[in-house]
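*Asks:* Okay, here's the structure, questions in a sec.
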Amino acid sequence: MESDLRFYSVLFAAYGAAFVWAAADIVGRARVIDALGLLFFLGGLARILAWAVAGAPHGFYVLMIPVELLVPVAHAVLVRRFERVANPVPA
């Protein structure tokens with residue numbers, strides 16, 4: 001278990017660092033933000049699949065499912081808005 005926690009902590013730290021790096025240039029790195037959001041969303045779907053196959057997770061993780069499914073969608077919407085503001089369509 002200890003090695004699993006250390007393994008996942010490195011992955012989570014790298015994921016967070018990638019998000020912080022991408023946030024420095026939201027419009028220029030929009031595709032990176034989209035890819036990271038997609039990974040997060042797929043993690044939420046995997047949690048639902050695991051629930052169906054192996055039974056309910058701890059209550060905290062049940063509460064995390066909406067977060068894992070909604071936050072990436074919110075990020076995508078916000079990134080599109082940033083892109084529209086940065087690159088307005090001439091009238």
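Residue numbering restarts at 1 in every chain; chains get A, B, ... in the order shown in the structure tokens, and ligands count up from 1 in that same order.
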Which polymer residues have any atom within 12 Å of an atom of range 80-88 of chain A, counting only C-alpha atoms, with same-chain residues fewer than 6 positions away left out, as a PyMOL selection string?

*Replies:* chain A and resi 23+25-31+33-34+73-74

*Asks:* Convert the current residue selection to file output with C-alpha atoms, as a short mmCIF file (atom, residue, chain, number, x, y, z; two decimals), in the first residue's frame.

*Replies:*
```
data_model
loop_
_atom_site.label_atom_id
_atom_site.label_comp_id
_atom_site.auth_asym_id
_atom_site.auth_seq_id
_atom_site.Cartn_x
_atom_site.Cartn_y
_atom_site.Cartn_z
CA ALA A 23 -2.99 28.00 -16.61
CA ASP A 25 -1.33 30.71 -20.88
CA ILE A 26 -4.95 29.58 -20.99
CA VAL A 27 -5.57 30.45 -24.62
CA GLY A 28 -2.24 29.19 -25.92
CA ARG A 29 -2.42 25.95 -23.94
CA ALA A 30 -6.15 25.37 -24.25
CA ARG A 31 -5.64 21.92 -25.78
CA ILE A 33 -6.18 22.04 -20.42
CA ASP A 34 -8.76 20.13 -22.47
CA VAL A 73 -16.93 20.51 -18.32
CA ALA A 74 -16.76 23.84 -16.50
#
```

*Asks:* Would you please extract all alpha helix (DSSP H) residues from range 17-48 of chain A, as assigned by DSSP on the backbone, and give them as an MDAnalysis selection string?

*Replies:* chainID A and resid 17:23 30:48

*Asks:* Go ahead and write the residues just picked, C-alpha atoms, as a PDB file, in the first residue's frame.

*Replies:*
```pdb
ATOM      1  CA  ALA A  17       2.000  20.926 -12.069  1.00  0.00           C
ATOM      2  CA  ALA A  18       0.794  20.445 -15.650  1.00  0.00           C
ATOM      3  CA  PHE A  19      -2.429  22.290 -14.836  1.00  0.00           C
ATOM      4  CA  VAL A  20      -0.543  25.159 -13.187  1.00  0.00           C
ATOM      5  CA  TRP A  21       1.798  25.360 -16.211  1.00  0.00           C
ATOM      6  CA  ALA A  22      -1.139  25.368 -18.634  1.00  0.00           C
ATOM      7  CA  ALA A  23      -2.991  28.005 -16.615  1.00  0.00           C
ATOM      8  CA  ALA A  30      -6.151  25.367 -24.254  1.00  0.00           C
ATOM      9  CA  ARG A  31      -5.643  21.920 -25.784  1.00  0.00           C
ATOM     10  CA  VAL A  32      -3.486  20.863 -22.833  1.00  0.00           C
ATOM     11  CA  ILE A  33      -6.182  22.038 -20.425  1.00  0.00           C
ATOM     12  CA  ASP A  34      -8.764  20.127 -22.470  1.00  0.00           C
ATOM     13  CA  ALA A  35      -6.636  16.966 -22.390  1.00  0.00           C
ATOM     14  CA  LEU A  36      -6.107  17.215 -18.626  1.00  0.00           C
ATOM     15  CA  GLY A  37      -9.826  17.798 -18.140  1.00  0.00           C
ATOM     16  CA  LEU A  38     -10.622  14.782 -20.295  1.00  0.00           C
ATOM     17  CA  LEU A  39      -8.349  12.612 -18.152  1.00  0.00           C
ATOM     18  CA  PHE A  40     -10.083  13.869 -15.017  1.00  0.00           C
ATOM     19  CA  PHE A  41     -13.516  13.215 -16.563  1.00  0.00           C
ATOM     20  CA  LEU A  42     -12.490   9.699 -17.624  1.00  0.00           C
ATOM     21  CA  GLY A  43     -11.331   9.079 -14.050  1.00  0.00           C
ATOM     22  CA  GLY A  44     -14.854   9.956 -12.870  1.00  0.00           C
ATOM     23  CA  LEU A  45     -16.353   7.551 -15.404  1.00  0.00           C
ATOM     24  CA  ALA A  46     -13.925   4.863 -14.252  1.00  0.00           C
ATOM     25  CA  ARG A  47     -15.048   5.435 -10.666  1.00  0.00           C
ATOM     26  CA  ILE A  48     -18.688   4.911 -11.725  1.00  0.00           C
TER      27      ILE A  48
END
```

*Asks:* CA of Asp4 in chain A and CA of Val71 in chain A are how many Å apart?

*Replies:*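 Taking CA of Asp4 in chain A as the start and CA of Val71 in chain A as the end point, the length is 25.6 Å.
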
*Asks:* How far is it from CA of Ala13 in chain A to CA of Ala56 in chain A, in Å with one decimal?

*Replies:*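 One can read the CA of Ala13 in chain A to CA of Ala56 in chain A distance as 26.7 Å.
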
*Asks:* What does the structure give for the distance between CA of Ser9 in chain A and CA of Phe60 in chain A, in Å to one decimal?

*Replies:*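 Rounded to one decimal, the two atoms are 18.1 Å apart.
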
*Asks:* Pick from A:Ala91, A:Ala14, A:Leu49, A:Val77: nearest to Ile65 in chain A, with only C-alpha atoms counted?

*Replies:*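 Checking each candidate against Ile65 in chain A, we get A:Leu49 as the closest.
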